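Enquirer: Below is the file model.cif, with mmCIF, C-alpha atoms.
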```
data_coords
#
loop_
_atom_site.label_atom_id
_atom_site.label_comp_id
_atom_site.auth_asym_id
_atom_site.auth_seq_id
_atom_site.Cartn_x
_atom_site.Cartn_y
_atom_site.Cartn_z
CA MET A 1 14.77 -7.91 5.97
CA TYR A 2 11.21 -7.95 4.74
CA LYS A 3 9.55 -11.00 3.37
CA ASP A 4 8.15 -9.72 0.13
CA GLY A 5 5.81 -12.55 -0.60
CA ALA A 6 5.91 -12.31 -4.39
CA GLY A 7 7.64 -15.32 -5.84
CA GLY A 8 9.28 -15.97 -2.51
CA VAL A 9 11.69 -13.13 -3.13
CA LEU A 10 13.39 -11.67 -0.11
CA THR A 11 14.45 -8.08 -0.22
CA HIS A 12 16.98 -6.44 2.04
CA LEU A 13 16.99 -2.90 3.21
CA GLU A 14 20.46 -2.17 1.98
CA GLY A 15 22.42 -2.83 -1.17
CA ASP A 16 22.24 -1.90 -4.81
CA VAL A 17 19.56 -2.42 -7.36
CA GLN A 18 20.03 -5.73 -9.06
CA ILE A 19 18.45 -7.30 -12.08
CA GLU A 20 18.15 -10.99 -11.66
CA GLY A 21 16.15 -14.00 -12.69
CA SER A 22 13.02 -14.61 -10.70
CA GLU A 23 12.70 -17.66 -8.55
CA ALA A 24 9.20 -17.97 -9.82
CA GLU A 25 9.83 -17.77 -13.52
CA VAL A 26 12.79 -19.49 -15.10
CA GLY A 27 13.98 -17.57 -18.11
CA GLN A 28 11.95 -14.53 -17.22
CA ARG A 29 13.71 -11.38 -16.11
CA THR A 30 12.43 -9.90 -12.91
CA ARG A 31 13.56 -6.64 -11.42
CA VAL A 32 14.16 -7.01 -7.73
CA ASP A 33 14.94 -3.78 -6.00
CA ARG A 34 17.39 -4.30 -3.17
CA ARG A 35 17.95 -0.67 -2.37
CA ARG A 36 17.20 0.73 0.97
CA GLY A 37 13.43 0.74 1.33
CA GLU A 38 11.82 3.32 -0.85
CA PRO A 39 10.58 6.13 1.32
CA LEU A 40 6.93 6.40 0.45
CA GLY A 41 5.88 9.08 2.66
CA LYS A 42 5.39 12.58 2.89
CA ILE A 43 3.77 12.35 6.22
CA SER A 44 0.07 12.17 6.64
CA ASP A 45 -1.88 12.07 9.84
CA ARG A 46 -5.03 10.42 10.98
CA GLY A 47 -7.18 13.15 9.61
CA GLU A 48 -5.90 12.58 6.11
CA ASN A 49 -6.11 8.82 6.22
CA ASP A 50 -9.06 6.75 5.25
CA ASP A 51 -8.62 4.10 7.88
CA ALA A 52 -6.24 2.49 10.27
CA ARG A 53 -3.81 1.32 7.66
CA GLY A 54 -2.50 4.85 7.40
CA TYR A 55 -2.11 5.25 3.68
CA PRO A 56 0.89 7.06 2.29
CA ASP A 57 0.67 10.36 0.57
CA PRO A 58 -1.17 9.64 -2.72
CA LEU A 59 1.20 11.79 -4.73
CA ASP A 60 4.17 9.77 -3.55
CA GLU A 61 2.29 6.56 -4.07
CA THR A 62 1.38 7.51 -7.63
CA ARG A 63 5.00 8.39 -8.29
CA ILE A 64 6.28 5.00 -7.22
CA ILE A 65 3.58 3.14 -9.12
CA ALA A 66 4.25 5.16 -12.25
CA ARG A 67 7.96 4.51 -11.93
CA HIS A 68 7.45 0.77 -11.99
CA ALA A 69 4.43 0.37 -14.20
CA GLY A 70 3.71 3.55 -16.10
CA LEU A 71 0.21 4.95 -16.19
CA ALA A 72 0.41 7.68 -18.81
CA GLY A 73 -2.20 7.19 -21.47
CA ARG A 74 -3.11 3.77 -20.13
CA ASP A 75 -6.54 2.32 -19.57
CA VAL A 76 -6.62 1.54 -15.85
CA LEU A 77 -8.96 -0.49 -13.69
CA GLU A 78 -8.51 0.26 -10.00
CA VAL A 79 -9.87 -2.31 -7.57
CA GLY A 80 -10.83 -1.01 -4.14
CA CYS A 81 -10.47 2.68 -4.84
CA GLY A 82 -11.96 3.83 -1.53
CA ASN A 83 -12.80 7.51 -1.70
CA GLY A 84 -10.63 8.03 -4.76
CA ARG A 85 -7.64 9.06 -2.67
CA LEU A 86 -5.20 7.60 -5.20
CA THR A 87 -7.42 7.64 -8.29
CA LEU A 88 -7.59 11.38 -8.39
CA GLU A 89 -3.82 11.67 -8.35
CA TYR A 90 -3.13 9.53 -11.40
CA ALA A 91 -6.34 9.97 -13.41
CA GLY A 92 -4.98 13.11 -14.98
CA ARG A 93 -2.17 11.24 -16.66
CA ALA A 94 -4.02 8.00 -17.45
CA GLY A 95 -6.08 7.48 -20.57
CA ARG A 96 -9.26 6.11 -19.03
CA VAL A 97 -9.92 5.01 -15.48
CA VAL A 98 -12.56 2.68 -14.12
CA ALA A 99 -12.49 2.50 -10.33
CA ILE A 100 -14.53 0.10 -8.27
CA GLU A 101 -15.22 -0.02 -4.55
CA PRO A 102 -17.89 -1.94 -2.62
CA ASN A 103 -18.62 0.89 -0.21
CA ARG A 104 -21.28 3.13 -1.76
CA GLU A 105 -20.54 6.02 0.55
CA MET A 106 -16.92 5.98 -0.52
CA ILE A 107 -17.95 5.94 -4.16
CA ARG A 108 -20.19 8.94 -3.66
CA GLU A 109 -17.29 10.76 -2.08
CA ALA A 110 -14.93 9.74 -4.88
CA ARG A 111 -17.36 11.00 -7.52
CA ALA A 112 -17.79 14.29 -5.71
CA ARG A 113 -14.04 14.75 -5.39
CA ALA A 114 -13.57 13.95 -9.08
CA ARG A 115 -16.20 16.52 -10.02
CA SER A 116 -14.58 19.13 -7.83
CA ARG A 117 -11.29 18.56 -9.63
CA ALA A 118 -12.94 18.49 -13.06
CA ILE A 119 -11.63 14.98 -13.72
CA GLU A 120 -13.64 13.57 -16.58
CA ASN A 121 -11.84 10.39 -17.56
CA ALA A 122 -12.58 8.46 -14.36
CA LEU A 123 -15.70 6.40 -13.79
CA PHE A 124 -16.54 5.15 -10.29
CA PHE A 125 -18.75 2.14 -9.64
CA ALA A 126 -20.00 0.65 -6.38
CA ARG A 127 -19.02 -2.94 -7.02
CA PRO A 128 -17.15 -5.56 -5.03
CA ALA A 129 -14.07 -7.11 -6.55
CA GLN A 130 -15.81 -10.48 -6.70
CA THR A 131 -18.18 -9.29 -9.40
CA GLY A 132 -16.80 -5.92 -10.33
CA ILE A 133 -13.69 -6.84 -12.28
CA ARG A 134 -15.16 -6.81 -15.75
CA GLY A 135 -15.26 -4.71 -18.87
CA GLY A 136 -12.08 -3.55 -20.42
CA PRO A 137 -9.77 -4.43 -21.94
CA PHE A 138 -7.38 -2.57 -19.65
CA ASP A 139 -3.65 -1.99 -19.75
CA VAL A 140 -3.26 -1.92 -15.98
CA VAL A 141 -5.24 -3.36 -13.11
CA LEU A 142 -4.29 -1.65 -9.90
CA PHE A 143 -4.72 -3.06 -6.41
CA SER A 144 -3.59 -0.47 -3.90
CA TRP A 145 -4.00 -1.59 -0.31
CA SER A 146 -7.06 -3.56 -1.39
CA LEU A 147 -7.09 -6.90 0.35
CA CYS A 148 -10.04 -8.30 -1.55
CA MET B 1 -7.56 -12.10 -3.83
CA VAL B 2 -6.67 -15.12 -5.96
CA ASP B 3 -10.02 -14.89 -7.69
CA ALA B 4 -9.56 -11.15 -8.11
CA LEU B 5 -6.23 -11.71 -9.83
CA ARG B 6 -7.77 -14.33 -12.10
CA SER B 7 -10.52 -11.90 -12.99
CA ALA B 8 -7.96 -9.19 -13.56
CA ARG B 9 -6.17 -11.41 -16.05
CA ARG B 10 -9.40 -11.79 -18.03
CA VAL B 11 -9.87 -8.04 -18.45
CA LEU B 12 -6.25 -7.21 -19.24
CA ARG B 13 -4.89 -6.67 -22.70
CA ARG B 14 -2.13 -8.98 -23.87
CA GLY B 15 0.98 -8.04 -21.91
CA GLY B 16 -1.07 -5.93 -19.52
CA LEU B 17 0.04 -5.33 -15.96
CA VAL B 18 -1.27 -5.91 -12.49
CA VAL B 19 0.15 -3.49 -9.94
CA ASP B 20 -0.29 -4.81 -6.43
CA LEU B 21 0.68 -2.60 -3.53
CA GLN B 22 0.10 -4.09 -0.10
CA PRO B 23 1.50 -3.96 3.38
CA ALA B 24 4.63 -6.09 3.56
CA ALA B 25 3.81 -9.62 4.60
CA ASP B 26 6.21 -9.51 7.50
CA TYR B 27 7.29 -6.27 9.11
CA THR B 28 7.57 -4.57 12.45
CA PRO B 29 6.02 -1.11 12.88
CA ARG B 30 8.43 1.34 14.47
CA LEU B 31 7.39 4.00 16.91
CA ALA B 32 9.07 7.40 17.25
CA ILE B 33 8.47 10.95 18.38
CA ALA B 34 9.04 13.38 15.52
CA TYR B 35 9.60 17.08 16.01
CA GLY B 36 10.93 19.85 13.82
CA GLY B 37 13.74 18.28 11.87
CA GLY B 38 14.42 15.57 14.43
CA ARG B 39 13.00 12.33 15.68
CA LYS B 40 13.50 10.08 18.64
CA GLU B 41 13.17 6.37 18.04
CA LEU B 42 11.28 4.65 20.79
CA GLY B 43 11.05 1.03 19.70
CA ALA B 44 9.06 -1.58 17.87
CA ILE B 45 5.36 -2.27 18.07
CA THR B 46 4.66 -5.96 18.42
CA ARG B 47 2.66 -7.21 15.49
CA THR B 48 1.37 -10.68 14.79
CA PRO B 49 0.85 -11.66 11.14
CA ASP B 50 -2.24 -10.19 9.56
CA GLU B 51 -4.10 -13.03 7.88
CA SER B 52 -5.58 -10.92 5.13
CA VAL B 53 -2.16 -9.53 4.22
CA VAL B 54 -0.57 -12.96 4.29
CA ALA B 55 -3.38 -14.21 2.05
CA ALA B 56 -2.85 -11.35 -0.40
CA HIS B 57 0.83 -12.23 -0.73
CA ARG B 58 -0.02 -15.88 -1.12
CA ALA B 59 -2.43 -14.93 -3.89
CA ARG B 60 0.40 -13.26 -5.79
CA ARG B 61 2.45 -16.44 -5.61
CA ILE B 62 -0.48 -18.56 -6.72
CA ALA B 63 -1.27 -16.28 -9.65
CA ILE B 64 2.32 -16.61 -10.85
CA ALA B 65 2.51 -20.33 -10.20
CA GLU B 66 -0.68 -20.88 -12.20
CA GLY B 67 1.12 -19.45 -15.20
CA GLY B 68 -1.22 -16.56 -15.84
CA PHE B 69 1.32 -13.93 -14.86
CA SER B 70 5.03 -13.41 -14.72
CA LEU B 71 6.63 -11.35 -11.98
CA LEU B 72 8.06 -8.21 -13.50
CA VAL B 73 8.94 -6.09 -10.49
CA SER B 74 9.18 -6.81 -6.81
CA THR B 75 10.14 -4.03 -4.48
CA HIS B 76 9.41 -2.68 -1.06
CA GLY B 77 9.62 0.47 0.97
CA THR B 78 8.50 2.24 4.06
CA HIS B 79 5.96 4.89 4.78
CA ARG B 80 5.25 6.97 7.82
CA THR B 81 2.15 8.32 9.42
CA ARG B 82 2.02 10.84 12.20
CA TYR B 83 -0.48 11.22 15.00
CA ARG B 84 -1.11 14.24 17.12
CA GLY B 85 -1.40 12.53 20.47
CA LEU B 86 -1.77 9.40 22.54
CA ALA B 87 -5.51 9.28 21.93
CA ASP B 88 -4.92 8.93 18.20
CA LEU B 89 -2.37 6.22 18.83
CA ARG B 90 -4.85 4.34 21.01
CA TRP B 91 -7.33 4.65 18.18
CA LEU B 92 -4.76 3.20 15.81
CA LEU B 93 -4.19 0.27 18.13
CA ARG B 94 -7.90 -0.40 18.36
CA GLN B 95 -8.07 -0.50 14.58
CA ASN B 96 -5.14 -2.91 14.36
CA GLU B 97 -6.03 -5.66 16.76
CA ASN B 98 -2.86 -7.58 15.92
CA TRP B 99 -0.66 -4.70 17.12
CA ARG B 100 0.49 -4.35 20.70
CA ILE B 101 2.67 -1.84 22.51
CA GLU B 102 4.39 -3.68 25.32
CA PRO B 103 4.33 -1.94 28.73
CA PRO B 104 8.01 -0.84 28.73
CA LEU B 105 7.61 0.83 25.33
CA TRP B 106 4.32 2.38 26.36
CA ARG B 107 5.97 3.83 29.49
CA ARG B 108 8.84 5.17 27.41
CA LEU B 109 6.37 6.73 25.00
CA VAL B 110 4.34 8.39 27.76
CA GLN B 111 7.46 9.75 29.44
CA THR B 112 8.93 11.06 26.20
CA TRP B 113 5.60 12.50 25.12
CA ALA B 114 5.26 14.35 28.41
CA ARG B 115 8.57 16.12 27.72
CA ARG B 116 7.96 16.64 24.02
CA PRO B 117 9.06 19.76 22.22
CA GLU B 118 6.42 22.00 20.79
CA GLY B 119 4.91 20.63 17.60
CA ALA B 120 5.99 17.06 18.26
CA GLU B 121 3.96 14.20 16.82
CA ILE B 122 3.90 10.46 17.27
CA GLU B 123 5.26 8.71 14.20
CA VAL B 124 4.61 5.16 13.08
CA ARG B 125 6.74 3.74 10.31
CA ARG B 126 5.67 0.63 8.46
CA ALA B 127 6.60 -1.31 5.37
CA PHE B 128 4.88 -1.94 2.09
CA SER B 129 5.47 -4.31 -0.79
CA LEU B 130 4.88 -3.58 -4.44
CA ALA B 131 4.72 -6.20 -7.17
CA VAL B 132 4.08 -5.76 -10.87
CA LEU B 133 2.78 -8.83 -12.66
CA ARG B 134 2.62 -9.11 -16.44
CA LYS B 135 -0.12 -11.06 -18.12
CA ARG B 136 1.22 -14.08 -19.97
CA GLY B 137 -0.16 -15.56 -23.13
#
```
So that I can check it, write out the structure of this file as structure tokens.
Expert:
Amino acid sequence: MYKDGAGGVLTHLEGDVQIEGSEAEVGQRTRVDRRRGEPLGKISDRGENDDARGYPDPLDETRIIARHAGLAGRDVLEVGCGNGRLTLEYAGRAGRVVAIEPNREMIREARARARSRAIENALFFARPAQTGIRGGPFDVVLFSWSLC
Amino acid sequence: MVDALRSARRVLRRGGLVVDLQPAADYTPRLAIAYGGGRKELGAITRTPDESVVAAHRARRIAIAEGGFSLLVSTHGTHRTRYRGLADLRWLLRQNENWRIEPPLWRRLVQTWARRPEGAEIEVRRAFSLAVLRKRG
């Protein structure tokens, strides 16, 4: 059993998908997925990871995010984009992407990677979350492994 | 993170979404040797709670409790990373100061690694949590 942390919901590793009322929001419908843990991971190794957290394969990660939130045609703000690892995977299907990251070196790398893939709808800014979440309006704000 | 979520609410359209993918607040990394189509489970890495992760999950709860968001989706899963040798695993442990491989597990790992099939890698499996919050009002 994993303690999910959102709304005090506990999720098990086995069972069926259930739709149930949230503990946090009376009258609001919340989808709590009680299936066996979603396998997010074509395997990556240290060389492909940005740091010790060992990020999942960005393609798989994009797939799971898109399944639950939908990114197609949306205006997205990504907070803590790192080197654009994930950004570059979903930018192609999003409408407009603004990605922020405090580390300037990472931003330079993200821009270079975007150029090399001819991605034109993603803008990268070296900004911390504390001051960088501005602009918009956006349809989706994405925090992926960003503990800001 | 709480402030970041509040800021996110300000820049979202009505009904807009926050997608928050983080390590699970409470999980135990699992260690295995993976090779070809097989894998040998070795045991659990001891992990004390990571304060920044706990804080991120607390921030979700606060953002919902404040009334700015409703919880739309809460789910979880696992992901795996593979490392080519013990040196990489030591590096991983140095990066995660709250992780510890107890001596019996470490011995089992070293022994198994010494007899590994060709192409084997060290695999660490961990858990993530994904929440989708919808802007209210």
Enquirer: If I take atom CA of A:Glu120 and atom CA of A:Pro102, how far is one from the other in Å, to one decimal?
Expert: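 Spanning atom CA of A:Glu120 to atom CA of A:Pro102 is a straight-line distance of 21.3 Å.
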Enquirer: Using all atoms listed in the file for the distances, tell me which of A:Asp139, A:Asp75, A:Asp57, A:Glu89 is nearest to B:Val18.
Expert: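 Of A:Asp139, A:Asp75, A:Asp57, A:Glu89, the one nearest B:Val18, counting all atoms listed in the file, is A:Asp139.
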Enquirer: For this file, the PyMOL selection byres ((chain B) within 8 of (chain A)) selects which residues, as a PDB file with C-alpha atoms, in the coordinates of the input?
Expert:
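Now in expr21.pdb:
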```pdb
ATOM      1  CA  MET B   1      -7.560 -12.100  -3.830  1.00  0.00           C
ATOM      2  CA  ASP B   3     -10.020 -14.890  -7.690  1.00  0.00           C
ATOM      3  CA  ALA B   4      -9.560 -11.150  -8.110  1.00  0.00           C
ATOM      4  CA  SER B   7     -10.520 -11.900 -12.990  1.00  0.00           C
ATOM      5  CA  ALA B   8      -7.960  -9.190 -13.560  1.00  0.00           C
ATOM      6  CA  ARG B  10      -9.400 -11.790 -18.030  1.00  0.00           C
ATOM      7  CA  VAL B  11      -9.870  -8.040 -18.450  1.00  0.00           C
ATOM      8  CA  LEU B  12      -6.250  -7.210 -19.240  1.00  0.00           C
ATOM      9  CA  ARG B  13      -4.890  -6.670 -22.700  1.00  0.00           C
ATOM     10  CA  GLY B  15       0.980  -8.040 -21.910  1.00  0.00           C
ATOM     11  CA  GLY B  16      -1.070  -5.930 -19.520  1.00  0.00           C
ATOM     12  CA  LEU B  17       0.040  -5.330 -15.960  1.00  0.00           C
ATOM     13  CA  VAL B  18      -1.270  -5.910 -12.490  1.00  0.00           C
ATOM     14  CA  VAL B  19       0.150  -3.490  -9.940  1.00  0.00           C
ATOM     15  CA  ASP B  20      -0.290  -4.810  -6.430  1.00  0.00           C
ATOM     16  CA  LEU B  21       0.680  -2.600  -3.530  1.00  0.00           C
ATOM     17  CA  GLN B  22       0.100  -4.090  -0.100  1.00  0.00           C
ATOM     18  CA  PRO B  23       1.500  -3.960   3.380  1.00  0.00           C
ATOM     19  CA  ALA B  24       4.630  -6.090   3.560  1.00  0.00           C
ATOM     20  CA  ALA B  25       3.810  -9.620   4.600  1.00  0.00           C
ATOM     21  CA  ASP B  26       6.210  -9.510   7.500  1.00  0.00           C
ATOM     22  CA  TYR B  27       7.290  -6.270   9.110  1.00  0.00           C
ATOM     23  CA  SER B  52      -5.580 -10.920   5.130  1.00  0.00           C
ATOM     24  CA  VAL B  53      -2.160  -9.530   4.220  1.00  0.00           C
ATOM     25  CA  ALA B  56      -2.850 -11.350  -0.400  1.00  0.00           C
ATOM     26  CA  HIS B  57       0.830 -12.230  -0.730  1.00  0.00           C
ATOM     27  CA  ARG B  58      -0.020 -15.880  -1.120  1.00  0.00           C
ATOM     28  CA  ARG B  60       0.400 -13.260  -5.790  1.00  0.00           C
ATOM     29  CA  ARG B  61       2.450 -16.440  -5.610  1.00  0.00           C
ATOM     30  CA  ILE B  64       2.320 -16.610 -10.850  1.00  0.00           C
ATOM     31  CA  ALA B  65       2.510 -20.330 -10.200  1.00  0.00           C
ATOM     32  CA  SER B  70       5.030 -13.410 -14.720  1.00  0.00           C
ATOM     33  CA  LEU B  71       6.630 -11.350 -11.980  1.00  0.00           C
ATOM     34  CA  LEU B  72       8.060  -8.210 -13.500  1.00  0.00           C
ATOM     35  CA  VAL B  73       8.940  -6.090 -10.490  1.00  0.00           C
ATOM     36  CA  SER B  74       9.180  -6.810  -6.810  1.00  0.00           C
ATOM     37  CA  THR B  75      10.140  -4.030  -4.480  1.00  0.00           C
ATOM     38  CA  HIS B  76       9.410  -2.680  -1.060  1.00  0.00           C
ATOM     39  CA  GLY B  77       9.620   0.470   0.970  1.00  0.00           C
ATOM     40  CA  THR B  78       8.500   2.240   4.060  1.00  0.00           C
ATOM     41  CA  HIS B  79       5.960   4.890   4.780  1.00  0.00           C
ATOM     42  CA  ARG B  80       5.250   6.970   7.820  1.00  0.00           C
ATOM     43  CA  THR B  81       2.150   8.320   9.420  1.00  0.00           C
ATOM     44  CA  ARG B  82       2.020  10.840  12.200  1.00  0.00           C
ATOM     45  CA  TYR B  83      -0.480  11.220  15.000  1.00  0.00           C
ATOM     46  CA  ARG B  84      -1.110  14.240  17.120  1.00  0.00           C
ATOM     47  CA  ASP B  88      -4.920   8.930  18.200  1.00  0.00           C
ATOM     48  CA  LEU B  92      -4.760   3.200  15.810  1.00  0.00           C
ATOM     49  CA  GLN B  95      -8.070  -0.500  14.580  1.00  0.00           C
ATOM     50  CA  ASN B  96      -5.140  -2.910  14.360  1.00  0.00           C
ATOM     51  CA  SER B 129       5.470  -4.310  -0.790  1.00  0.00           C
ATOM     52  CA  ALA B 131       4.720  -6.200  -7.170  1.00  0.00           C
ATOM     53  CA  VAL B 132       4.080  -5.760 -10.870  1.00  0.00           C
TER      54      VAL B 132
END
```
Enquirer: In Å, how far is it from atom CA of B:Arg6 to atom CA of B:Ala63?
Expert: 7.2 Å
Enquirer: Just the number, please: distance in Å from atom CA of A:Ile100 to atom CA of B:Gly67, one decimal.
Expert: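 Atom-to-atom, atom CA of A:Ile100 and atom CA of B:Gly67 are spaced 26.0 Å apart.
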Enquirer: Which residues, written as a PDB file with C-alpha atoms, in the frame of the given file, have at least one atom at most 12 Å from B:Ala114, with only C-alpha atoms counted and residues fewer than 5 positions away on the same chain left out?
Expert:
```
ATOM      1  CA  ILE B  33       8.470  10.950  18.380  1.00  0.00           C
ATOM      2  CA  GLY B  85      -1.400  12.530  20.470  1.00  0.00           C
ATOM      3  CA  LEU B  86      -1.770   9.400  22.540  1.00  0.00           C
ATOM      4  CA  ARG B 107       5.970   3.830  29.490  1.00  0.00           C
ATOM      5  CA  ARG B 108       8.840   5.170  27.410  1.00  0.00           C
ATOM      6  CA  LEU B 109       6.370   6.730  25.000  1.00  0.00           C
ATOM      7  CA  ALA B 120       5.990  17.060  18.260  1.00  0.00           C
ATOM      8  CA  GLU B 121       3.960  14.200  16.820  1.00  0.00           C
ATOM      9  CA  ILE B 122       3.900  10.460  17.270  1.00  0.00           C
TER      10      ILE B 122
END
```
Enquirer: On this file, the PyMOL selection byres ((chain A and resi 101) around 8) gives some set of residues; write that set as a list in words.
Expert: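 The output of the PyMOL selection byres ((chain A and resi 101) around 8) on this file is Val79, Gly80, Cys81, Gly82, Ala99, Ile100, Pro102, Asn103, Arg104, Met106, Ile107, Phe124, Phe125, Ala126, Arg127, Pro128 and Ala129 of chain A.
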Enquirer: Let me know the centre plus edge lengths, in Å and rounded to one decimal, of a box with edges along x, y and z that contains all listed atoms of stretch 86-99 of chain A and is padded by 4 Å on every side, as AutoDock Vina command-line options.
Expert:
```
--center_x -7.4 --center_y 7.8 --center_z -12.9 --size_x 18.4 --size_y 18.6 --size_z 23.4
```
Enquirer: Applying the PyMOL selection byres ((chain A and resi 96) around 8) to the file I just gave you, which residues come out? Please list them as a ChimeraX atom specification.
Expert: /A:73-76,91,94-95,97-98,121-122
Enquirer: Write out as a ChimeraX atom specification each polymer residue whose atoms come within 8 Å of A:Arg113, counting all atoms listed in the file; drop sequence neighbours fewer than 4 positions from it.
Expert: /A:84,88,109,117
Enquirer: When distances are computed from only C-alpha atoms, which of B:Leu42, B:Ala55, B:Leu89, B:Val124 shows the smallest separation from B:Pro29?
Expert: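 The answer is B:Val124, which sits nearest to B:Pro29.
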Enquirer: Please rebuild stretch 8-15 of chain B with all heavy atoms and give the result as a PDB file, in the frame of the given file.
Expert:
```
ATOM      1  N   ALA B   8      -8.754 -10.267 -12.973  1.00  0.00           N
ATOM      2  CA  ALA B   8      -7.960  -9.190 -13.560  1.00  0.00           C
ATOM      3  C   ALA B   8      -7.296  -9.651 -14.848  1.00  0.00           C
ATOM      4  O   ALA B   8      -7.225  -8.909 -15.837  1.00  0.00           O
ATOM      5  CB  ALA B   8      -6.901  -8.725 -12.561  1.00  0.00           C
ATOM      6  N   ARG B   9      -6.828 -10.874 -14.841  1.00  0.00           N
ATOM      7  CA  ARG B   9      -6.170 -11.410 -16.050  1.00  0.00           C
ATOM      8  C   ARG B   9      -7.141 -11.401 -17.235  1.00  0.00           C
ATOM      9  O   ARG B   9      -6.756 -11.117 -18.370  1.00  0.00           O
ATOM     10  CB  ARG B   9      -5.658 -12.819 -15.786  1.00  0.00           C
ATOM     11  CG  ARG B   9      -4.811 -13.362 -16.928  1.00  0.00           C
ATOM     12  CD  ARG B   9      -4.275 -14.749 -16.658  1.00  0.00           C
ATOM     13  NE  ARG B   9      -3.438 -15.160 -17.771  1.00  0.00           N
ATOM     14  CZ  ARG B   9      -3.909 -15.620 -18.921  1.00  0.00           C
ATOM     15  NH1 ARG B   9      -5.225 -15.736 -19.091  1.00  0.00           N
ATOM     16  NH2 ARG B   9      -3.094 -15.942 -19.906  1.00  0.00           N
ATOM     17  N   ARG B  10      -8.408 -11.718 -16.948  1.00  0.00           N
ATOM     18  CA  ARG B  10      -9.400 -11.790 -18.030  1.00  0.00           C
ATOM     19  C   ARG B  10      -9.669 -10.424 -18.666  1.00  0.00           C
ATOM     20  O   ARG B  10     -10.010 -10.359 -19.845  1.00  0.00           O
ATOM     21  CB  ARG B  10     -10.717 -12.378 -17.498  1.00  0.00           C
ATOM     22  CG  ARG B  10     -10.675 -13.883 -17.299  1.00  0.00           C
ATOM     23  CD  ARG B  10     -12.085 -14.452 -17.139  1.00  0.00           C
ATOM     24  NE  ARG B  10     -12.680 -14.084 -15.856  1.00  0.00           N
ATOM     25  CZ  ARG B  10     -12.521 -14.780 -14.739  1.00  0.00           C
ATOM     26  NH1 ARG B  10     -11.808 -15.890 -14.747  1.00  0.00           N
ATOM     27  NH2 ARG B  10     -13.089 -14.396 -13.628  1.00  0.00           N
ATOM     28  N   VAL B  11      -9.540  -9.361 -17.898  1.00  0.00           N
ATOM     29  CA  VAL B  11      -9.870  -8.040 -18.450  1.00  0.00           C
ATOM     30  C   VAL B  11      -8.640  -7.275 -18.948  1.00  0.00           C
ATOM     31  O   VAL B  11      -8.770  -6.160 -19.450  1.00  0.00           O
ATOM     32  CB  VAL B  11     -10.644  -7.166 -17.423  1.00  0.00           C
ATOM     33  CG1 VAL B  11     -11.940  -7.846 -17.007  1.00  0.00           C
ATOM     34  CG2 VAL B  11      -9.781  -6.845 -16.218  1.00  0.00           C
ATOM     35  N   LEU B  12      -7.464  -7.883 -18.789  1.00  0.00           N
ATOM     36  CA  LEU B  12      -6.250  -7.210 -19.240  1.00  0.00           C
ATOM     37  C   LEU B  12      -5.981  -7.463 -20.708  1.00  0.00           C
ATOM     38  O   LEU B  12      -6.248  -8.561 -21.229  1.00  0.00           O
ATOM     39  CB  LEU B  12      -5.036  -7.704 -18.436  1.00  0.00           C
ATOM     40  CG  LEU B  12      -4.776  -7.050 -17.086  1.00  0.00           C
ATOM     41  CD1 LEU B  12      -3.682  -7.824 -16.343  1.00  0.00           C
ATOM     42  CD2 LEU B  12      -4.371  -5.589 -17.248  1.00  0.00           C
ATOM     43  N   ARG B  13      -5.401  -6.470 -21.346  1.00  0.00           N
ATOM     44  CA  ARG B  13      -4.890  -6.670 -22.700  1.00  0.00           C
ATOM     45  C   ARG B  13      -3.695  -7.619 -22.648  1.00  0.00           C
ATOM     46  O   ARG B  13      -3.089  -7.812 -21.590  1.00  0.00           O
ATOM     47  CB  ARG B  13      -4.444  -5.341 -23.304  1.00  0.00           C
ATOM     48  CG  ARG B  13      -5.571  -4.397 -23.596  1.00  0.00           C
ATOM     49  CD  ARG B  13      -5.141  -3.290 -24.568  1.00  0.00           C
ATOM     50  NE  ARG B  13      -6.314  -2.562 -25.025  1.00  0.00           N
ATOM     51  CZ  ARG B  13      -6.757  -1.425 -24.467  1.00  0.00           C
ATOM     52  NH1 ARG B  13      -6.105  -0.895 -23.463  1.00  0.00           N
ATOM     53  NH2 ARG B  13      -7.843  -0.838 -24.925  1.00  0.00           N
ATOM     54  N   ARG B  14      -3.339  -8.145 -23.787  1.00  0.00           N
ATOM     55  CA  ARG B  14      -2.130  -8.980 -23.870  1.00  0.00           C
ATOM     56  C   ARG B  14      -0.934  -8.164 -23.364  1.00  0.00           C
ATOM     57  O   ARG B  14      -0.732  -7.026 -23.787  1.00  0.00           O
ATOM     58  CB  ARG B  14      -1.924  -9.387 -25.327  1.00  0.00           C
ATOM     59  CG  ARG B  14      -0.810 -10.361 -25.551  1.00  0.00           C
ATOM     60  CD  ARG B  14      -0.662 -10.596 -27.055  1.00  0.00           C
ATOM     61  NE  ARG B  14       0.428 -11.520 -27.324  1.00  0.00           N
ATOM     62  CZ  ARG B  14       0.307 -12.839 -27.347  1.00  0.00           C
ATOM     63  NH1 ARG B  14      -0.886 -13.378 -27.146  1.00  0.00           N
ATOM     64  NH2 ARG B  14       1.341 -13.608 -27.597  1.00  0.00           N
ATOM     65  N   GLY B  15      -0.180  -8.748 -22.469  1.00  0.00           N
ATOM     66  CA  GLY B  15       0.980  -8.040 -21.910  1.00  0.00           C
ATOM     67  C   GLY B  15       0.634  -6.997 -20.868  1.00  0.00           C
ATOM     68  O   GLY B  15       1.513  -6.274 -20.391  1.00  0.00           O
TER      69      GLY B  15
END
```
